[in-house]
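Printed here is data37.cif (mmCIF, C-alpha atoms and all ligand atoms):
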data_entry
loop_
_atom_site.label_atom_id
_atom_site.label_comp_id
_atom_site.auth_asym_id
_atom_site.auth_seq_id
_atom_site.Cartn_x
_atom_site.Cartn_y
_atom_site.Cartn_z
CA MET A 231 0.00 0.00 0.00
CA PRO A 232 1.16 3.54 -0.69
CA GLY A 233 2.06 5.98 2.07
CA ASP A 234 -0.65 7.49 4.22
CA LYS A 235 -2.16 10.61 2.72
CA SER A 236 -2.85 12.48 5.97
CA ILE A 237 0.62 11.79 7.36
CA SER A 238 2.36 12.67 4.06
CA HIS A 239 0.67 16.11 3.96
CA ARG A 240 1.66 16.80 7.55
CA ALA A 241 5.27 15.69 7.08
CA LEU A 242 5.70 18.16 4.18
CA LEU A 243 3.97 21.01 6.00
CA LEU A 244 5.77 20.59 9.33
CA GLY A 245 9.05 20.03 7.50
CA ALA A 246 8.48 23.33 5.68
CA ILE A 247 8.18 25.41 8.87
CA ALA A 248 10.85 23.51 10.83
CA ASP A 249 14.50 24.41 11.21
CA GLY A 250 16.74 22.27 9.03
CA THR A 251 16.00 19.37 6.75
CA THR A 252 13.16 16.87 6.91
CA VAL A 253 13.39 13.60 5.04
CA VAL A 254 10.04 11.99 4.28
CA GLU A 255 10.22 8.33 3.29
CA ASN A 256 7.34 6.31 1.83
CA CYS A 257 5.71 9.66 1.04
CA LEU A 258 2.47 9.21 -0.89
CA VAL A 259 2.92 10.04 -4.58
CA ALA A 260 -0.62 11.11 -5.52
CA ASP A 261 -2.32 14.30 -6.68
CA ASP A 262 -3.39 15.55 -3.23
CA VAL A 263 0.09 15.42 -1.74
CA LEU A 264 1.54 16.87 -4.95
CA SER A 265 -0.84 19.80 -4.40
CA THR A 266 0.68 20.41 -0.97
CA ALA A 267 4.21 20.24 -2.42
CA ARG A 268 3.27 22.63 -5.25
CA CYS A 269 1.77 25.20 -2.86
CA LEU A 270 4.84 25.03 -0.61
CA ARG A 271 7.08 25.67 -3.60
CA GLN A 272 4.89 28.64 -4.58
CA LEU A 273 5.59 29.97 -1.08
CA GLY A 274 9.35 29.68 -1.52
CA VAL A 275 10.03 26.33 0.17
CA ASN A 276 12.66 24.10 -1.48
CA LEU A 277 11.72 20.45 -1.83
CA ASP A 278 13.72 17.69 -3.52
CA GLY A 279 12.36 14.40 -4.78
CA VAL A 280 8.75 15.53 -5.26
CA GLY A 281 7.05 12.86 -7.39
CA THR A 282 9.06 10.09 -5.72
CA THR A 283 8.51 8.33 -2.38
CA THR A 284 11.46 10.11 -0.72
CA VAL A 285 10.99 13.85 -0.39
CA VAL A 286 13.50 16.17 1.24
CA VAL A 287 12.04 19.39 2.64
CA HIS A 288 14.37 22.29 3.35
CA GLY A 289 12.64 23.99 6.25
CA VAL A 290 12.42 27.78 6.44
CA GLY A 291 12.50 27.81 10.25
CA GLY A 292 9.17 29.36 11.27
CA ALA A 293 6.65 31.65 9.57
CA ASN A 294 9.17 32.55 6.87
CA PHE A 295 7.32 31.77 3.65
CA PHE A 296 7.64 34.22 0.76
CA PRO A 297 4.44 35.91 -0.39
CA CYS A 298 2.96 34.48 -3.57
CA LYS A 299 0.96 36.79 -5.86
CA GLU A 300 -0.56 33.90 -7.81
CA PRO A 301 -3.39 31.87 -6.23
CA LEU A 302 -2.18 28.79 -4.35
CA ASP A 303 -3.82 25.90 -6.18
CA CYS A 304 -4.85 23.22 -3.67
CA GLY A 305 -6.38 21.06 -6.42
CA ASN A 306 -8.90 18.62 -4.92
CA SER A 307 -7.30 18.64 -1.48
CA GLY A 308 -9.20 19.91 1.54
CA THR A 309 -6.29 18.95 3.79
CA THR A 310 -3.90 21.13 1.78
CA MET A 311 -6.19 24.16 1.94
CA ARG A 312 -7.23 23.91 5.58
CA LEU A 313 -3.81 23.11 7.05
CA LEU A 314 -2.08 25.69 4.90
CA MET A 315 -4.60 28.33 6.04
CA GLY A 316 -3.48 27.61 9.61
CA ILE A 317 0.16 28.28 8.73
CA LEU A 318 -0.59 31.29 6.49
CA ALA A 319 -2.50 32.86 9.39
CA ALA A 320 0.92 33.62 10.89
CA HIS A 321 2.30 35.22 7.70
CA PRO A 322 1.89 39.01 7.39
CA PHE A 323 0.97 39.06 3.71
CA GLU A 324 -2.01 38.39 1.51
CA SER A 325 -2.57 34.92 0.03
CA TRP A 326 -5.22 33.51 -2.27
CA LEU A 327 -6.12 29.83 -1.98
CA THR A 328 -8.18 28.08 -4.58
CA GLY A 329 -8.87 24.60 -5.92
CA ASP A 330 -10.90 22.53 -8.36
CA ALA A 331 -14.70 22.64 -8.74
CA SER A 332 -15.16 20.15 -5.88
CA LEU A 333 -12.93 22.03 -3.43
CA GLN A 334 -14.68 25.30 -4.29
CA LYS A 335 -17.88 23.81 -2.87
CA ARG A 336 -16.32 22.81 0.46
CA PRO A 337 -16.88 24.97 3.56
CA MET A 338 -13.83 26.67 5.05
CA ASP A 339 -15.78 28.44 7.83
CA ARG A 340 -14.66 25.83 10.36
CA VAL A 341 -11.11 27.13 9.84
CA ALA A 342 -11.73 30.75 8.80
CA ILE A 343 -13.74 31.68 11.91
CA PRO A 344 -11.22 30.50 14.56
CA LEU A 345 -8.28 31.88 12.56
CA GLN A 346 -10.00 35.27 12.45
CA ARG A 347 -10.48 35.07 16.20
CA MET A 348 -6.71 34.55 16.45
CA GLY A 349 -6.09 37.70 14.43
CA ALA A 350 -5.96 36.70 10.75
CA LYS A 351 -8.21 38.29 8.10
CA VAL A 352 -10.05 35.71 6.00
CA GLU A 353 -12.58 36.17 3.20
CA GLY A 354 -14.47 33.55 1.21
CA ARG A 355 -17.71 33.22 -0.72
CA THR A 356 -20.95 33.15 1.30
CA GLY A 357 -21.27 32.72 5.06
CA ARG A 358 -19.60 29.33 4.75
CA TYR A 359 -16.37 30.80 3.38
CA LEU A 360 -16.27 28.79 0.17
CA PRO A 361 -13.00 29.05 -1.78
CA PRO A 362 -11.36 30.96 -3.35
CA ILE A 363 -10.12 32.21 0.01
CA ARG A 364 -8.33 35.49 0.44
CA MET A 365 -6.45 35.87 3.67
CA ARG A 366 -3.88 38.01 5.40
CA GLY A 367 -2.09 36.74 8.48
CA GLY A 368 -0.03 38.44 11.12
CA LYS A 369 0.57 38.45 14.81
CA LEU A 370 -1.66 35.81 16.39
CA ARG A 371 -3.26 35.50 19.82
CA PRO A 372 -3.93 32.11 21.35
CA ILE A 373 -7.55 30.93 21.63
CA GLU A 374 -9.60 28.25 23.31
CA TRP A 375 -11.87 26.83 20.67
CA ALA A 376 -14.63 24.23 20.73
CA LEU A 377 -14.97 22.80 17.22
CA PRO A 378 -18.59 22.64 16.02
CA VAL A 379 -17.77 19.46 14.02
CA ALA A 380 -15.22 16.73 14.67
CA SER A 381 -12.70 17.50 11.93
CA ALA A 382 -9.01 16.67 12.06
CA GLN A 383 -8.39 19.24 9.36
CA ALA A 384 -10.00 22.04 11.37
CA LYS A 385 -8.28 20.92 14.58
CA SER A 386 -4.94 20.80 12.77
CA ALA A 387 -5.31 24.25 11.20
CA ILE A 388 -5.89 25.82 14.62
CA LEU A 389 -2.98 23.91 16.20
CA LEU A 390 -0.66 24.97 13.37
CA ALA A 391 -1.65 28.62 13.84
CA GLY A 392 -1.22 28.10 17.60
CA LEU A 393 2.45 27.26 17.03
CA PHE A 394 2.97 30.94 16.18
CA ALA A 395 0.73 32.51 18.85
CA ASP A 396 1.95 33.98 22.12
CA GLY A 397 0.65 31.50 24.70
CA VAL A 398 -1.31 28.26 24.79
CA THR A 399 -3.93 27.46 22.13
CA LEU A 400 -6.51 24.87 23.08
CA VAL A 401 -8.86 22.99 20.75
CA TYR A 402 -11.76 20.92 22.01
CA GLU A 403 -13.32 18.41 19.63
CA PRO A 404 -16.84 16.99 20.02
CA ALA A 405 -15.61 13.46 19.13
CA PRO A 406 -12.11 12.12 18.62
CA SER A 407 -10.72 12.56 15.08
CA ARG A 408 -7.39 11.42 13.63
CA ASP A 409 -4.49 12.65 15.76
CA HIS A 410 -1.56 12.62 13.32
CA THR A 411 -0.89 16.36 13.76
CA GLU A 412 -0.58 16.03 17.54
CA ARG A 413 1.77 13.05 17.22
CA MET A 414 3.95 14.64 14.57
CA LEU A 415 4.13 18.01 16.31
CA LYS A 416 5.57 16.22 19.35
CA ALA A 417 8.11 14.43 17.13
CA PHE A 418 9.19 17.83 15.70
CA GLY A 419 9.70 19.17 19.23
CA ALA A 420 6.54 21.17 19.93
CA GLU A 421 4.89 21.02 23.33
CA VAL A 422 1.49 19.39 22.89
CA VAL A 423 -0.77 18.22 25.70
CA VAL A 424 -3.71 15.92 24.95
CA GLN A 425 -6.37 15.51 27.63
CA GLY A 426 -9.44 13.57 26.61
CA GLN A 427 -10.91 15.44 23.67
CA SER A 428 -8.88 18.59 24.11
CA VAL A 429 -5.47 19.37 22.66
CA ALA A 430 -3.24 22.22 23.75
CA VAL A 431 -0.20 23.52 21.91
CA VAL A 432 2.33 25.91 23.38
CA GLY A 433 3.06 28.83 21.07
CA ARG A 434 6.36 30.25 19.87
CA ALA A 435 7.40 26.65 19.23
CA LYS A 436 10.71 25.85 17.55
CA LEU A 437 10.34 22.83 15.30
CA ARG A 438 13.36 20.78 14.28
CA GLY A 439 13.56 18.86 11.00
CA GLN A 440 13.02 15.09 11.31
CA LYS A 441 13.18 11.88 9.40
CA ILE A 442 9.62 10.64 8.97
CA VAL A 443 8.87 7.17 7.64
CA VAL A 444 5.24 7.36 6.57
CA PRO A 445 3.18 4.26 7.40
CA SER A 446 1.07 2.81 4.60
CA ASP A 447 -2.45 4.16 4.25
CA PRO A 448 -5.17 2.20 6.06
CA SER A 449 -7.87 4.08 4.15
CA SER A 450 -6.42 2.89 0.83
CA ALA A 451 -6.00 -0.65 2.19
CA ALA A 452 -9.63 -0.50 3.36
CA PHE A 453 -10.92 -0.98 -0.19
CA PHE A 454 -9.23 -4.38 -0.49
CA LEU A 455 -9.72 -5.39 3.14
CA CYS A 456 -13.44 -4.61 2.98
CA GLY A 457 -13.72 -6.30 -0.43
CA ALA A 458 -12.03 -9.42 1.00
CA ALA A 459 -14.37 -9.36 4.00
CA ALA A 460 -17.38 -9.67 1.71
CA MET A 461 -16.02 -12.64 -0.29
CA PRO A 462 -16.20 -15.94 1.59
CA ASP A 463 -12.99 -17.42 0.12
CA ALA A 464 -10.89 -14.29 -0.02
CA GLU A 465 -7.91 -13.38 2.12
CA VAL A 466 -5.95 -10.15 1.79
CA THR A 467 -3.00 -8.85 3.84
CA ALA A 468 -1.98 -5.19 3.88
CA GLU A 469 1.55 -4.78 5.18
CA GLY A 470 2.84 -1.92 7.29
CA ILE A 471 -0.38 0.06 7.48
CA SER A 472 -1.05 2.58 10.23
CA ILE A 473 -3.11 1.02 13.00
CA ASN A 474 -3.51 4.36 14.75
CA PRO A 475 -6.73 3.81 16.74
CA THR A 476 -8.26 6.95 15.22
CA ARG A 477 -8.03 5.28 11.79
CA THR A 478 -8.81 1.60 12.28
CA ALA A 479 -12.38 1.58 13.53
CA PHE A 480 -13.31 -0.01 10.20
CA LEU A 481 -11.43 -3.15 11.24
CA SER A 482 -13.62 -3.49 14.37
CA LEU A 483 -16.68 -2.96 12.20
CA LEU A 484 -15.55 -5.70 9.80
CA ARG A 485 -15.19 -8.05 12.79
CA GLN A 486 -18.66 -7.05 13.97
CA MET A 487 -20.01 -7.83 10.50
CA GLY A 488 -18.51 -11.32 10.69
CA ALA A 489 -15.13 -11.12 8.94
CA THR A 490 -11.91 -12.44 10.45
CA VAL A 491 -9.35 -9.71 11.09
CA ILE A 492 -5.80 -10.60 12.16
CA VAL A 493 -3.33 -7.89 13.22
CA GLN A 494 0.29 -9.03 13.24
CA ASN A 495 3.79 -7.70 13.63
CA GLU A 496 2.78 -4.56 15.51
CA ARG A 497 5.57 -1.99 15.67
CA GLU A 498 6.10 1.76 15.88
CA GLN A 499 7.22 3.96 13.01
CA SER A 500 7.81 7.70 13.40
CA GLY A 501 5.44 7.94 16.37
CA GLU A 502 2.64 5.95 14.68
CA PRO A 503 1.67 2.33 15.40
CA VAL A 504 1.82 0.12 12.29
CA ALA A 505 1.10 -3.58 11.61
CA ASP A 506 0.34 -6.14 8.94
CA VAL A 507 -3.40 -6.65 8.75
CA THR A 508 -5.11 -9.69 7.23
CA VAL A 509 -8.82 -9.95 6.52
CA LYS A 510 -10.52 -13.23 5.66
CA GLY A 511 -13.96 -13.11 4.15
CA GLY A 512 -17.15 -14.61 5.47
CA LYS A 513 -20.88 -14.21 5.31
CA LEU A 514 -21.38 -10.68 6.59
CA LYS A 515 -24.25 -9.31 8.60
CA GLY A 516 -25.63 -5.79 8.76
CA ILE A 517 -24.65 -3.43 11.59
CA THR A 518 -25.27 0.10 12.85
CA ILE A 519 -22.51 2.68 12.39
CA ALA A 520 -23.22 5.90 14.30
CA GLY A 521 -22.24 8.32 17.02
CA ASN A 522 -18.70 9.16 18.06
CA LEU A 523 -17.27 6.46 15.85
CA ILE A 524 -18.18 8.32 12.65
CA PRO A 525 -15.10 10.61 12.45
CA GLN A 526 -12.90 7.52 12.81
CA VAL A 527 -14.42 5.74 9.79
CA ILE A 528 -15.37 8.79 7.76
CA ASP A 529 -13.19 7.87 4.74
CA GLU A 530 -14.18 4.18 4.86
CA LEU A 531 -17.95 4.73 4.89
CA PRO A 532 -18.36 4.58 1.08
CA VAL A 533 -16.74 1.13 0.84
CA LEU A 534 -18.50 -0.09 4.01
CA ALA A 535 -21.80 0.95 2.39
CA ALA A 536 -20.82 -1.02 -0.73
CA ILE A 537 -20.19 -4.28 1.15
CA ALA A 538 -23.24 -3.77 3.38
CA ALA A 539 -25.33 -4.19 0.22
CA VAL A 540 -24.48 -7.91 0.13
CA ALA A 541 -24.52 -8.53 3.91
CA ASP A 542 -27.39 -10.30 5.64
CA GLY A 543 -29.81 -7.84 7.17
CA VAL A 544 -29.86 -4.08 7.44
CA THR A 545 -26.95 -1.67 7.88
CA VAL A 546 -27.71 1.78 9.24
CA ILE A 547 -25.27 4.70 8.94
CA ARG A 548 -26.27 7.74 11.03
CA ASN A 549 -24.66 10.98 12.30
CA ALA A 550 -22.52 11.09 9.15
CA GLU A 551 -23.72 14.43 7.69
CA GLU A 552 -20.05 15.34 7.19
CA LEU A 553 -20.09 12.97 4.22
CA ARG A 554 -22.15 15.57 2.37
CA VAL A 555 -19.24 18.04 2.34
CA LYS A 556 -16.47 15.68 1.26
CA GLU A 557 -15.00 15.55 -2.27
CA SER A 558 -18.61 14.90 -3.34
CA ASP A 559 -21.88 14.55 -1.42
CA ARG A 560 -20.96 11.00 -0.53
CA ILE A 561 -24.40 10.21 0.90
CA ALA A 562 -26.36 11.23 -2.22
CA VAL A 563 -23.75 9.81 -4.59
CA MET A 564 -23.30 6.41 -2.94
CA VAL A 565 -27.09 5.98 -2.61
CA SER A 566 -27.72 6.75 -6.28
CA GLU A 567 -24.78 4.75 -7.66
CA LEU A 568 -25.29 1.67 -5.45
CA ARG A 569 -28.93 1.64 -6.55
CA LYS A 570 -27.76 1.39 -10.18
CA LEU A 571 -26.01 -1.86 -9.20
CA GLY A 572 -29.22 -3.22 -7.67
CA ALA A 573 -28.66 -2.33 -4.01
CA LYS A 574 -31.65 -1.38 -1.87
CA VAL A 575 -30.65 1.84 -0.13
CA ASP A 576 -32.64 4.62 1.56
CA GLU A 577 -31.12 8.07 1.89
CA LEU A 578 -31.21 9.80 5.29
CA PRO A 579 -30.22 13.41 5.96
CA ASP A 580 -27.22 12.17 7.96
CA GLY A 581 -26.54 8.76 6.45
CA MET A 582 -28.28 5.85 4.80
CA VAL A 583 -30.06 2.57 5.39
CA ILE A 584 -28.74 -0.32 3.32
CA HIS A 585 -31.03 -3.33 3.03
CA GLY A 586 -28.64 -6.21 2.52
CA GLU A 587 -28.84 -9.48 0.60
CA ALA A 588 -29.02 -7.66 -2.70
CA LYS A 589 -28.11 -9.54 -5.86
CA LEU A 590 -25.84 -6.90 -7.35
CA ARG A 591 -25.69 -6.73 -11.16
CA GLY A 592 -22.88 -5.07 -13.08
CA ALA A 593 -23.82 -1.61 -14.36
CA GLU A 594 -22.40 1.68 -15.56
CA VAL A 595 -21.82 3.98 -12.60
CA GLU A 596 -20.31 7.42 -12.04
CA SER A 597 -17.47 8.42 -9.71
CA HIS A 598 -18.64 12.07 -9.64
CA GLY A 599 -14.91 12.88 -9.69
CA ASP A 600 -14.56 11.52 -6.13
CA HIS A 601 -11.63 9.12 -5.65
CA ARG A 602 -13.13 7.20 -2.77
CA VAL A 603 -16.46 6.85 -4.57
CA ALA A 604 -14.66 5.47 -7.64
CA MET A 605 -12.81 2.86 -5.57
CA ALA A 606 -15.84 1.92 -3.44
CA LEU A 607 -17.87 1.39 -6.63
CA ALA A 608 -15.10 -0.76 -8.10
CA ILE A 609 -15.34 -2.98 -5.01
CA ALA A 610 -19.15 -3.06 -5.35
CA GLY A 611 -18.54 -4.06 -8.97
CA LEU A 612 -16.45 -7.03 -7.80
CA LEU A 613 -19.39 -8.19 -5.70
CA ALA A 614 -21.79 -7.83 -8.65
CA GLU A 615 -22.49 -10.35 -11.35
CA GLY A 616 -21.12 -9.28 -14.73
CA GLU A 617 -19.18 -6.21 -15.72
CA THR A 618 -19.23 -2.86 -13.97
CA ILE A 619 -17.96 0.32 -15.63
CA VAL A 620 -16.93 3.13 -13.28
CA ASN A 621 -16.91 6.29 -15.37
CA ASP A 622 -14.48 9.10 -14.64
CA ALA A 623 -12.27 6.76 -12.61
CA ASP A 624 -9.05 8.69 -13.29
CA CYS A 625 -9.75 10.49 -10.04
CA VAL A 626 -8.27 7.53 -8.12
CA ALA A 627 -4.99 9.39 -8.78
CA ILE A 628 -6.01 11.82 -6.03
CA SER A 629 -5.06 9.33 -3.30
CA PHE A 630 -4.17 6.00 -4.90
CA PRO A 631 -2.92 6.00 -8.51
CA GLN A 632 -1.99 2.28 -8.40
CA PHE A 633 -5.48 1.20 -7.30
CA PRO A 634 -6.42 -0.48 -10.62
CA GLN A 635 -3.12 -2.40 -10.76
CA VAL A 636 -3.42 -3.60 -7.16
CA LEU A 637 -7.01 -4.67 -7.77
CA ALA A 638 -5.88 -6.62 -10.85
CA SER A 639 -3.02 -8.22 -8.91
CA LEU A 640 -5.60 -9.63 -6.48
CA GLY A 641 -7.34 -11.45 -9.31
CA ALA A 642 -9.94 -8.97 -10.56
CA GLU A 643 -10.27 -8.32 -14.27
CA VAL A 644 -9.61 -4.61 -14.61
CA THR A 645 -9.18 -2.44 -17.67
CA MET A 646 -8.59 1.31 -17.67
CA ALA A 647 -10.12 2.86 -20.78
C1 LIG B 1 -8.16 14.34 6.93
C2 LIG B 1 -9.24 14.46 7.76
C3 LIG B 1 -10.60 14.03 7.37
C4 LIG B 1 -10.57 13.07 6.19
C5 LIG B 1 -9.66 13.52 5.10
C6 LIG B 1 -8.24 13.72 5.62
C7 LIG B 1 -6.87 14.85 7.43
O1 LIG B 1 -11.35 15.17 7.02
O2 LIG B 1 -11.86 12.87 5.68
O3 LIG B 1 -9.65 12.56 4.05
O4 LIG B 1 -5.82 14.53 6.82
O5 LIG B 1 -6.86 15.56 8.43
P1 LIG B 1 -12.04 16.11 8.15
O6 LIG B 1 -11.01 16.47 9.12
O7 LIG B 1 -12.53 17.31 7.44
O8 LIG B 1 -13.16 15.29 8.70
#
How does the structure come out when it is put into structure tokens?
Amino acid sequence: MPGDKSISHRALLLGAIADGTTVVENCLVADDVLSTARCLRQLGVNLDGVGTTTVVVHGVGGANFFPCKEPLDCGNSGTTMRLLMGILAAHPFESWLTGDASLQKRPMDRVAIPLQRMGAKVEGRTGRYLPPIRMRGGKLRPIEWALPVASAQAKSAILLAGLFADGVTLVYEPAPSRDHTERMLKAFGAEVVVQGQSVAVVGRAKLRGQKIVVPSDPSSAAFFLCGAAAMPDAEVTAEGISINPTRTAFLSLLRQMGATVIVQNEREQSGEPVADVTVKGGKLKGITIAGNLIPQVIDELPVLAAIAAVADGVTVIRNAEELRVKESDRIAVMVSELRKLGAKVDELPDGMVIHGEAKLRGAEVESHGDHRVAMALAIAGLLAEGETIVNDADCVAISFPQFPQVLASLGAEVTMA
């Protein structure tokens, strides 16, 4: 499996503001992380090896980016835009941040409002601060901020701004989300204190360049591990994936659905727990996925919905309204596309109800330009009888360019038109 997307972004961004050199190994080579690298270069950061799995970042030692007159193009990447906004909040010049049609529909208010409270000026379209974003940073004051939604991107943006504030910045999240920023900030030498669902960072931090070995991406592995779970004779092992507890709730859900999940060779890599994970398929049963667990399976919900279609009984996904503001409206899109394959699915405002035991039939479906939708539908296609065509599937390059090849190596017949 390729390197983890969330951790790759963070390694480049923290490396950029650290003192000295950061070497990032097993860095994800995919469009989203390339967007982060491109924006950093626009801001005057030198990076070597971009486009390969080993990237060397020459840190500028603090809020020392150069102003960029051109818009910073974040492509499809919400993580790039939100985390970069946190860092740019400390830079006393104007920046424009933009992205593709999907990113321009995604709300930045969750970042813009706290950053303004800290002293930055931020403008966006409508009350939700849709991109393009225009902002001007400067001297920041620390804040205590309760996030209205559990979002690792919003939490991270505030913590990154907090690095440059005078005092302690505290973020409280309504449910635990991925904690890679907290872990990596500690590795780079910042003072970070985690207490339950609050995280504090001490400002005026001095970060030192590090060697980061990025674990492999559990959310990319999830497509194959979930696919294997739904096929009685299948067995798939993903080696060296992050088993950070904020990312692996899908493995517990697969167990609950009736699959066998074996975690072996647990070790630590750059402050993150990693392991080799094997899933053996079985007859699955429907489950309920709701509440505080949602942020910890948010990226796996499309593929979990796909396999729920062939499980025995009903699967209910609730409290997942965040899915509507991802790279696409993943509730509406998964409901409509799974239906084309013969699944029985009801749409809810905050999730869906999947009536299992469907006999899926191959069909022509649409990715809506959303990488995780494309891959989830490919897995649904494996579970269907006959051929499935996923249109506009190039978007897998956003997080996992080798997805079709890996799928083929596991025995599926795959052609990319
Ligand atoms: C990410 C956080 C999640 C996730 C996204 C990556 C991150 O988004 O869906 O794919 O790297 O912090 P939110 O924090 O907006 O929920």
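Among all protein and nucleic acid residues, the ones that lie within 6 Å of ligand LIG 1 (chain B) when counting all atoms listed in the file are Ser236, Thr309, Ser381, Ala382, Gln383, Ile528 and Asp529 of chain A.
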Contacts of Ile609 (chain A) at 12 Å (all atoms listed in the file; same-chain gap of 6+ positions) as a PyMOL selection string: chain A and resi 452-461+532-540+568+571+590+592+602-603+617-620+633-634+637-638+640+642-644
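Using all atoms listed in the file, the contacts of region 323-331 of chain A at a cut-off of 8 Å, with sequence neighbours closer than 5 positions omitted, comprise Pro297, Cys298, Lys299, Glu300, Pro301, Leu302, Asp303, Cys304, Gly305, Asn306, Ser307, Met311, Leu318, Pro361, Pro362, Ile363, Arg364, Met365, Arg366, Gly367 and Gly368 of chain A.
Here CA of Asp234 (chain A) is placed at a distance of 5.0 Å from CA of Ser446 (chain A).
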Spatial neighbours of Lys570 (chain A), max dist 10 Å, only C-alpha atoms, sep filter under 6 positions, as a ChimeraX atom specification: /A:564,590-596
Can you patch up region 386-399 of chain A, filling it in to N, CA, C and O atoms, and show the result as a short mmCIF file (atom, residue, chain, number, x, y, z; two decimals), in the frame of the given file?
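Once everything was written out, this is out-v3.cif:
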data_model
loop_
_atom_site.label_atom_id
_atom_site.label_comp_id
_atom_site.auth_asym_id
_atom_site.auth_seq_id
_atom_site.Cartn_x
_atom_site.Cartn_y
_atom_site.Cartn_z
N SER A 386 -6.35 20.63 13.15
CA SER A 386 -4.94 20.80 12.77
C SER A 386 -4.63 22.24 12.38
O SER A 386 -3.57 22.78 12.71
N ALA A 387 -5.55 22.86 11.64
CA ALA A 387 -5.31 24.25 11.20
C ALA A 387 -5.13 25.16 12.41
O ALA A 387 -4.24 26.01 12.44
N ILE A 388 -5.97 24.96 13.43
CA ILE A 388 -5.89 25.82 14.62
C ILE A 388 -4.60 25.53 15.39
O ILE A 388 -3.90 26.45 15.85
N LEU A 389 -4.23 24.25 15.49
CA LEU A 389 -2.98 23.91 16.20
C LEU A 389 -1.77 24.48 15.47
O LEU A 389 -0.83 24.98 16.10
N LEU A 390 -1.80 24.43 14.14
CA LEU A 390 -0.66 24.97 13.37
C LEU A 390 -0.55 26.48 13.57
O LEU A 390 0.55 27.01 13.76
N ALA A 391 -1.68 27.17 13.57
CA ALA A 391 -1.65 28.62 13.84
C ALA A 391 -1.16 28.84 15.27
O ALA A 391 -0.37 29.76 15.54
N GLY A 392 -1.60 27.98 16.19
CA GLY A 392 -1.22 28.10 17.60
C GLY A 392 0.29 28.02 17.82
O GLY A 392 0.80 28.58 18.79
N LEU A 393 0.98 27.35 16.91
CA LEU A 393 2.45 27.26 17.03
C LEU A 393 3.09 28.64 17.04
O LEU A 393 4.18 28.83 17.56
N PHE A 394 2.40 29.60 16.37
CA PHE A 394 2.97 30.94 16.18
C PHE A 394 2.35 31.98 17.10
O PHE A 394 2.67 33.15 17.02
N ALA A 395 1.40 31.55 17.96
CA ALA A 395 0.73 32.51 18.85
C ALA A 395 1.53 32.64 20.14
O ALA A 395 2.35 31.78 20.46
N ASP A 396 1.25 33.72 20.86
CA ASP A 396 1.95 33.98 22.12
C ASP A 396 1.15 33.37 23.26
O ASP A 396 0.25 33.99 23.78
N GLY A 397 1.43 32.14 23.63
CA GLY A 397 0.65 31.50 24.70
C GLY A 397 0.14 30.14 24.25
O GLY A 397 0.59 29.60 23.25
N VAL A 398 -0.84 29.63 25.02
CA VAL A 398 -1.31 28.26 24.79
C VAL A 398 -2.64 28.28 24.01
O VAL A 398 -3.59 28.94 24.43
N THR A 399 -2.69 27.58 22.91
CA THR A 399 -3.93 27.46 22.13
C THR A 399 -4.53 26.10 22.42
O THR A 399 -3.84 25.09 22.39
#
